[in-house]
file model-v1.cif (mmCIF, C-alpha atoms)
data_input
#
loop_
_atom_site.label_atom_id
_atom_site.label_comp_id
_atom_site.auth_asym_id
_atom_site.auth_seq_id
_atom_site.Cartn_x
_atom_site.Cartn_y
_atom_site.Cartn_z
CA MET P 7 5.09 14.31 -6.09
CA ILE P 8 3.07 11.73 -4.19
CA LYS P 9 1.85 12.73 -0.76
CA PHE P 10 0.69 10.36 1.96
CA THR P 11 -1.21 11.58 5.00
CA ILE P 12 -1.46 8.82 7.56
CA ILE P 13 -4.26 9.00 10.14
CA THR P 14 -3.15 6.92 13.10
CA LEU P 15 -3.18 6.61 16.87
CA PHE P 16 0.54 5.81 16.81
CA PRO P 17 2.49 8.20 14.55
CA GLU P 18 5.63 7.43 16.55
CA ALA P 19 5.50 3.86 15.23
CA LEU P 20 5.63 5.05 11.61
CA GLU P 21 8.02 7.99 11.62
CA PRO P 22 11.31 6.08 12.11
CA TYR P 23 10.75 3.88 9.06
CA LEU P 24 9.67 6.75 6.81
CA LYS P 25 12.81 8.67 7.79
CA THR P 26 15.09 5.82 6.74
CA SER P 27 16.64 4.47 3.55
CA MET P 28 14.66 4.90 0.32
CA MET P 29 11.69 6.56 2.01
CA TRP P 30 14.00 9.25 3.39
CA LYS P 31 15.66 9.57 -0.03
CA ALA P 32 12.31 10.07 -1.75
CA ALA P 33 11.30 12.76 0.73
CA GLU P 34 14.71 14.46 0.53
CA LYS P 35 14.42 14.64 -3.27
CA GLY P 36 10.90 16.03 -3.07
CA LEU P 37 9.46 12.95 -4.80
CA ALA P 38 7.28 11.93 -1.86
CA ARG P 39 5.91 13.62 1.23
CA PHE P 40 4.69 12.05 4.47
CA GLU P 41 2.44 13.70 7.00
CA PHE P 42 0.67 12.41 10.10
CA VAL P 43 -2.67 13.13 11.70
CA ASN P 44 -3.13 11.83 15.23
CA LEU P 45 -6.64 10.40 15.42
CA ARG P 46 -6.65 10.99 19.18
CA GLU P 47 -6.79 14.74 18.56
CA PHE P 48 -10.29 14.19 17.17
CA GLY P 49 -11.42 12.00 20.07
CA LEU P 50 -14.59 12.65 22.03
CA GLY P 51 -14.99 13.85 25.59
CA PRO P 52 -12.36 14.61 28.22
CA HIS P 53 -10.53 11.37 27.49
CA ARG P 54 -10.58 11.91 23.70
CA SER P 55 -12.24 8.54 23.14
CA VAL P 56 -12.18 7.18 19.58
CA ASP P 57 -13.85 3.80 20.13
CA ASP P 58 -16.88 2.18 21.72
CA THR P 59 -18.55 -1.20 22.16
CA PRO P 60 -20.41 -2.71 19.18
CA TYR P 61 -24.19 -2.67 18.92
CA GLY P 62 -25.56 -6.19 19.23
CA GLY P 63 -22.88 -7.20 21.70
CA GLY P 64 -19.57 -8.94 21.21
CA ASP P 65 -15.97 -8.60 22.32
CA GLY P 66 -13.67 -5.75 21.48
CA MET P 67 -14.11 -2.12 20.57
CA LEU P 68 -14.85 -0.41 17.26
CA LEU P 69 -13.58 2.89 15.90
CA ARG P 70 -16.37 5.42 16.01
CA CYS P 71 -17.54 7.41 13.00
CA GLU P 72 -17.19 10.90 14.48
CA PRO P 73 -13.40 10.98 15.09
CA VAL P 74 -12.63 9.26 11.79
CA PHE P 75 -14.90 11.46 9.68
CA ASN P 76 -13.61 14.61 11.38
CA ALA P 77 -9.98 13.60 10.88
CA ILE P 78 -10.44 12.79 7.20
CA GLU P 79 -12.52 15.91 6.59
CA SER P 80 -9.81 18.06 8.20
CA VAL P 81 -7.36 16.81 5.57
CA LYS P 82 -9.84 17.08 2.71
CA ALA P 83 -10.63 20.67 3.71
CA LYS P 84 -7.13 21.51 2.45
CA ASP P 85 -7.15 19.06 -0.46
CA PRO P 86 -10.63 17.93 -1.57
CA MET P 87 -9.11 15.67 -4.26
CA ALA P 88 -7.24 13.49 -1.77
CA LYS P 89 -8.21 9.80 -1.96
CA VAL P 90 -8.81 7.70 1.14
CA ILE P 91 -7.24 4.26 1.58
CA LEU P 92 -8.38 1.82 4.27
CA PRO P 93 -6.38 -1.35 5.03
CA THR P 94 -9.11 -3.90 5.69
CA PRO P 95 -9.79 -7.64 5.28
CA VAL P 96 -12.71 -6.85 2.96
CA GLY P 97 -10.45 -5.05 0.48
CA GLN P 98 -8.89 -6.02 -2.83
CA ILE P 99 -5.66 -7.98 -2.35
CA TRP P 100 -2.73 -5.62 -2.85
CA ASN P 101 -0.41 -6.45 -5.75
CA GLN P 102 2.40 -4.96 -7.79
CA GLU P 103 0.16 -3.68 -10.57
CA MET P 104 -1.84 -1.65 -8.08
CA ALA P 105 1.39 -0.23 -6.64
CA GLN P 106 2.53 0.67 -10.16
CA ARG P 107 -0.72 2.47 -10.85
CA MET P 108 -0.50 4.41 -7.63
CA ALA P 109 3.08 5.40 -8.45
CA GLY P 110 1.98 6.61 -11.88
CA MET P 111 3.95 3.94 -13.75
CA LEU P 112 0.85 2.67 -15.55
CA VAL P 113 -0.96 5.50 -17.31
CA LYS P 114 -3.76 3.45 -18.80
CA THR P 115 -6.46 2.63 -16.26
CA THR P 116 -8.57 -0.47 -16.22
CA SER P 117 -12.05 -1.11 -14.97
CA ALA P 118 -12.61 -2.10 -11.38
CA ARG P 119 -13.35 -5.63 -12.48
CA ALA P 120 -9.72 -5.88 -13.57
CA ALA P 121 -7.90 -3.73 -11.02
CA PHE P 122 -10.30 -3.03 -8.17
CA ALA P 123 -13.12 -5.54 -8.40
CA GLN P 124 -15.73 -5.64 -5.67
CA PRO P 125 -14.00 -7.60 -2.89
CA VAL P 126 -14.85 -11.12 -1.93
CA ALA P 127 -14.59 -12.27 1.65
CA THR P 128 -11.02 -12.11 2.95
CA GLY P 129 -9.78 -12.59 6.44
CA GLY P 130 -13.01 -14.27 7.43
CA ARG P 131 -15.13 -11.17 6.85
CA ARG P 132 -17.46 -9.91 4.15
CA SER P 133 -18.99 -6.47 3.94
CA SER P 134 -22.78 -6.60 4.11
CA SER P 135 -23.47 -2.92 4.68
CA PRO P 136 -25.61 -0.97 2.22
CA CYS P 137 -22.91 1.72 2.34
CA GLN P 138 -20.83 1.60 -0.82
CA ALA P 139 -17.43 3.10 -1.48
CA PRO P 140 -17.43 6.07 -3.89
CA GLU P 141 -17.31 5.64 -7.65
CA ALA P 142 -13.53 6.11 -7.61
CA LEU P 143 -13.17 2.53 -6.37
CA ARG P 144 -14.58 1.27 -9.65
CA GLU P 145 -12.36 3.54 -11.75
CA GLY P 146 -9.05 1.91 -10.87
CA ILE P 147 -5.96 3.84 -9.70
CA SER P 148 -4.37 6.47 -11.88
CA ALA P 149 -1.78 8.72 -10.30
CA THR P 150 -1.18 12.27 -11.48
CA PRO P 151 2.05 14.29 -11.03
CA ASP P 152 0.65 15.56 -7.71
CA THR P 153 -1.35 12.81 -6.01
CA HIS P 154 -2.48 12.80 -2.38
CA TYR P 155 -3.53 9.66 -0.53
CA ILE P 156 -4.96 9.55 2.98
CA ILE P 157 -4.36 6.23 4.75
CA LEU P 158 -6.58 5.48 7.73
CA CYS P 159 -5.01 3.03 10.17
CA PRO P 160 -7.79 1.11 11.94
CA HIS P 161 -7.32 -0.38 15.39
CA TYR P 162 -9.09 -2.38 18.08
CA GLU P 163 -11.62 -4.99 16.89
CA GLY P 164 -12.45 -3.02 13.76
CA TYR P 165 -14.41 0.03 12.67
CA ASP P 166 -17.98 1.21 12.31
CA GLU P 167 -19.14 0.01 8.89
CA ARG P 168 -20.36 3.49 7.96
CA ILE P 169 -16.73 4.61 7.72
CA LEU P 170 -16.56 2.74 4.41
CA SER P 171 -18.81 5.40 2.88
CA ILE P 172 -15.87 7.84 2.75
CA VAL P 173 -13.25 5.32 1.65
CA ASP P 174 -12.05 5.30 -1.98
CA TYR P 175 -9.80 2.24 -1.91
CA LYS P 176 -10.22 -0.78 0.37
CA ILE P 177 -6.99 -2.76 0.41
CA SER P 178 -6.17 -6.12 1.97
CA LEU P 179 -2.67 -7.52 2.40
CA GLY P 180 -3.84 -11.09 2.72
CA LYS P 181 -5.86 -13.54 4.75
CA TYR P 182 -4.49 -12.75 8.17
CA VAL P 183 -5.15 -10.21 10.92
CA LEU P 184 -2.82 -7.59 12.41
CA THR P 185 -3.14 -5.46 15.52
CA GLY P 186 -3.59 -2.28 13.55
CA GLY P 187 -3.26 -0.58 10.20
CA GLU P 188 0.22 0.87 10.70
CA LEU P 189 2.14 -2.03 9.16
CA PRO P 190 -0.19 -2.25 6.14
CA ALA P 191 0.18 1.51 5.69
CA LEU P 192 3.96 1.19 5.62
CA ILE P 193 3.81 -1.70 3.17
CA ILE P 194 1.54 0.21 0.80
CA ILE P 195 3.68 3.35 1.01
CA ASP P 196 6.99 1.51 0.56
CA SER P 197 5.77 -0.53 -2.40
CA VAL P 198 4.57 2.65 -4.13
CA VAL P 199 7.33 5.12 -3.29
CA ARG P 200 10.18 2.82 -4.36
CA LEU P 201 8.64 2.77 -7.86
CA ILE P 202 8.78 6.53 -8.32
CA PRO P 203 11.47 7.33 -10.93
CA GLY P 204 14.58 8.62 -9.19
CA VAL P 205 14.09 6.76 -5.90
CA LEU P 206 15.87 3.45 -6.56
CA GLY P 207 18.54 4.92 -8.82
CA GLY P 208 18.85 2.51 -11.74
CA GLU P 209 16.47 3.30 -14.58
CA GLN P 210 15.36 -0.33 -14.89
CA SER P 211 15.57 -1.31 -11.22
CA ALA P 212 11.82 -1.50 -10.78
CA GLN P 213 11.05 -2.75 -14.28
CA ILE P 214 12.77 -6.13 -14.21
CA GLU P 215 12.09 -7.25 -10.64
CA SER P 216 9.59 -9.84 -9.46
CA PHE P 217 5.92 -9.07 -10.17
CA SER P 218 6.85 -6.12 -12.44
CA ASP P 219 4.82 -7.85 -15.15
CA GLY P 220 1.98 -9.88 -13.71
CA ASP P 221 3.12 -12.92 -11.73
CA ASN P 222 6.66 -13.02 -13.05
CA LEU P 223 9.50 -13.92 -10.70
CA GLU P 224 12.91 -12.40 -11.30
CA TYR P 225 15.81 -14.64 -12.41
CA PRO P 226 18.45 -15.72 -9.84
CA GLN P 227 21.27 -13.25 -9.27
CA TYR P 228 24.82 -13.60 -7.96
CA THR P 229 27.73 -11.44 -6.85
CA LYS P 230 31.27 -12.08 -5.57
CA PRO P 231 32.79 -14.47 -4.65
CA TYR P 232 32.56 -16.77 -7.66
CA ASP P 233 32.94 -19.88 -5.50
CA PHE P 234 31.39 -19.86 -2.03
CA ARG P 235 31.65 -23.14 -0.14
CA GLY P 236 31.46 -25.11 -3.35
CA MET P 237 28.49 -23.18 -4.71
CA LYS P 238 29.62 -21.56 -7.95
CA VAL P 239 28.15 -18.78 -10.06
CA PRO P 240 26.81 -20.15 -13.37
CA ASP P 241 29.57 -19.76 -15.94
CA VAL P 242 27.25 -18.16 -18.50
CA LEU P 243 27.03 -15.06 -16.30
CA LEU P 244 30.79 -14.64 -16.59
CA SER P 245 30.90 -15.28 -20.33
CA GLY P 246 30.37 -11.71 -21.49
CA ASN P 247 27.91 -13.03 -24.07
CA HIS P 248 24.91 -10.81 -23.47
CA GLY P 249 22.68 -12.82 -25.76
CA GLU P 250 23.36 -16.04 -23.87
CA ILE P 251 23.01 -14.24 -20.54
CA ALA P 252 19.61 -12.88 -21.58
CA LYS P 253 18.57 -16.35 -22.71
CA TRP P 254 19.70 -17.89 -19.40
CA ARG P 255 17.84 -15.26 -17.41
CA ALA P 256 14.66 -15.79 -19.41
CA GLU P 257 14.89 -19.56 -18.89
CA HIS P 258 15.40 -19.16 -15.16
CA SER P 259 12.66 -16.59 -14.58
CA GLY P 260 9.54 -18.04 -13.06
CA THR P 261 5.90 -17.47 -12.29
CA ALA P 262 4.47 -17.04 -8.81
CA LYS P 263 2.23 -19.89 -7.70
#
call {"tool": "encode", "arguments": {"input": "model-v1.cif", "output": "structure tokens"}}
result
Amino acid sequence: MIKFTIITLFPEALEPYLKTSMMWKAAEKGLARFEFVNLREFGLGPHRSVDDTPYGGGDGMLLRCEPVFNAIESVKAKDPMAKVILPTPVGQIWNQEMAQRMAGMLVKTTSARAAFAQPVATGGRRSSSPCQAPEALREGISATPDTHYIILCPHYEGYDERILSIVDYKISLGKYVLTGGELPALIIIDSVVRLIPGVLGGEQSAQIESFSDGDNLEYPQYTKPYDFRGMKVPDVLLSGNHGEIAKWRAEHSGTAK
């Protein structure tokens, strides 16, 4: 079973999605488990503050170390082996191979230079702090039958750089900025959980889709009706000749650019 503990200021934004469709199915079957930790519960002072202005000046607010460290340590007190994920522009760009590793589909690990290389600048930001993520970042992802991931959802302008010292995996979804880490958390969880055997249903459902092998793009697919507004299904798909169908599919598969 894969367990995700999401540390967030807005658990109510995440719960509806994780209780729907394939995520609900995975939880119902005991293949995945989702828990929430409200970061506000670890806030400071009477107003449970979790942020403050940045040293050196500038707009916006940054997540403070104390609430984040305390929240993560409260989870790790129950499971010291849990790994921490931070959605961040300075992270490695998320891809299907990383999702496969996290889901336990790829047993053989690779070095960080292949799977989790030290990140280059993404989203207009580069980490310059002397704090380094733990050695696990350079080991690559390798899920076990019972794997626990903690996802920290940042908010505001960003986070105190020292928070990176307790992060195992820094993950970026691309060169753009979102309001918070809740959407990236859902994307990471969805892309992993759907790969767990028994979630999608068909044995090969996750093996032949786009990006299941590097940058491959899945072949075009069709269903009824045969003729829709003059657009017809390729006759080879109705031929019953599995060899020709396989050949057609191979010819019409592509590579992501």
call {"tool": "closest_residue", "arguments": {"input": "model-v1.cif", "among": "P:Leu192, P:Met237, P:Gly260, P:Thr153", "to": "Pro86 of chain P", "atoms": "all atoms listed in the file"}}
result
P:Thr153
call {"tool": "residues_around", "arguments": {"input": "model-v1.cif", "residues": "Leu184 of chain P", "least_positions_apart": "6", "cutoff": "12 Å", "atoms": "only C-alpha atoms", "output": "number ranges by chain"}}
result
P: 93-95, 129, 159-164, 178, 190-191
call {"tool": "residues_around", "arguments": {"input": "model-v1.cif", "residues": "Tyr225 of chain P", "least_positions_apart": "3", "cutoff": "7 Å", "atoms": "all atoms listed in the file", "output": "list in words"}}
result
Arg255, His258 and Ser259 of chain P
call {"tool": "write_last_selection", "arguments": {"input": "model-v1.cif", "atoms": "C-alpha atoms", "output": "mmCIF file, keeping the file's coordinate frame"}}
result
data_model
loop_
_atom_site.group_PDB
_atom_site.id
_atom_site.type_symbol
_atom_site.label_atom_id
_atom_site.label_comp_id
_atom_site.auth_asym_id
_atom_site.auth_seq_id
_atom_site.Cartn_x
_atom_site.Cartn_y
_atom_site.Cartn_z
ATOM 1 C CA ARG P 255 17.840 -15.260 -17.410
ATOM 2 C CA HIS P 258 15.400 -19.160 -15.160
ATOM 3 C CA SER P 259 12.660 -16.590 -14.580
#
call {"tool": "residues_around", "arguments": {"input": "model-v1.cif", "residues": "Tyr155 of chain P", "least_positions_apart": "6", "cutoff": "7 Å", "atoms": "all atoms listed in the file", "output": "PyMOL selection string"}}
result
chain P and resi 9-11+88-91
call {"tool": "residues_around", "arguments": {"input": "model-v1.cif", "residues": "Val56 of chain P", "least_positions_apart": "2", "cutoff": "10 Å", "atoms": "only C-alpha atoms", "output": "VMD selection string"}}
result
chain P and resid 15 45 to 51 53 to 54 58 67 to 74 161
call {"tool": "residues_around", "arguments": {"input": "model-v1.cif", "residues": "Tyr23 of chain P", "least_positions_apart": "4", "cutoff": "12 Å", "atoms": "all atoms listed in the file", "output": "PDB file with C-alpha atoms, in the coordinates of the input"}}
result
ATOM      1  CA  PRO P  17       2.490   8.200  14.550  1.00  0.00           C
ATOM      2  CA  GLU P  18       5.630   7.430  16.550  1.00  0.00           C
ATOM      3  CA  ALA P  19       5.500   3.860  15.230  1.00  0.00           C
ATOM      4  CA  SER P  27      16.640   4.470   3.550  1.00  0.00           C
ATOM      5  CA  MET P  28      14.660   4.900   0.320  1.00  0.00           C
ATOM      6  CA  MET P  29      11.690   6.560   2.010  1.00  0.00           C
ATOM      7  CA  TRP P  30      14.000   9.250   3.390  1.00  0.00           C
ATOM      8  CA  LYS P  31      15.660   9.570  -0.030  1.00  0.00           C
ATOM      9  CA  PHE P  40       4.690  12.050   4.470  1.00  0.00           C
ATOM     10  CA  GLU P 188       0.220   0.870  10.700  1.00  0.00           C
ATOM     11  CA  LEU P 189       2.140  -2.030   9.160  1.00  0.00           C
ATOM     12  CA  ALA P 191       0.180   1.510   5.690  1.00  0.00           C
ATOM     13  CA  LEU P 192       3.960   1.190   5.620  1.00  0.00           C
ATOM     14  CA  ILE P 193       3.810  -1.700   3.170  1.00  0.00           C
ATOM     15  CA  ILE P 195       3.680   3.350   1.010  1.00  0.00           C
ATOM     16  CA  ASP P 196       6.990   1.510   0.560  1.00  0.00           C
TER      17      ASP P 196
END
call {"tool": "resolve_selection", "arguments": {"input": "model-v1.cif", "expression": "the PyMOL selection byres ((chain P and resi 39) around 8)", "output": "list in words"}}
result
Met7, Ile8, Lys9, Phe10, Ala32, Ala33, Gly36, Leu37, Ala38, Phe40 and Glu41 of chain P
call {"tool": "atom_distance", "arguments": {"input": "model-v1.cif", "atom1": "atom CA of Lys176 of chain P", "atom2": "atom CA of Val96 of chain P"}}
result
7.1 Å
call {"tool": "closest_residue", "arguments": {"input": "model-v1.cif", "among": "P:Val183, P:Leu158, P:Ile99, P:Met104", "to": "Phe42 of chain P", "atoms": "all atoms listed in the file"}}
result
P:Leu158
call {"tool": "atom_distance", "arguments": {"input": "model-v1.cif", "atom1": "atom CA of Glu257 of chain P", "atom2": "atom CA of Ser245 of chain P"}}
result
16.6 Å
call {"tool": "atom_distance", "arguments": {"input": "model-v1.cif", "atom1": "atom CA of Ile202 of chain P", "atom2": "atom CA of Gly110 of chain P"}}
result
7.7 Å
call {"tool": "closest_residue", "arguments": {"input": "model-v1.cif", "among": "P:Leu179, P:Val205, P:Leu223, P:Val199", "to": "Lys35 of chain P", "atoms": "only C-alpha atoms"}}
result
P:Val205
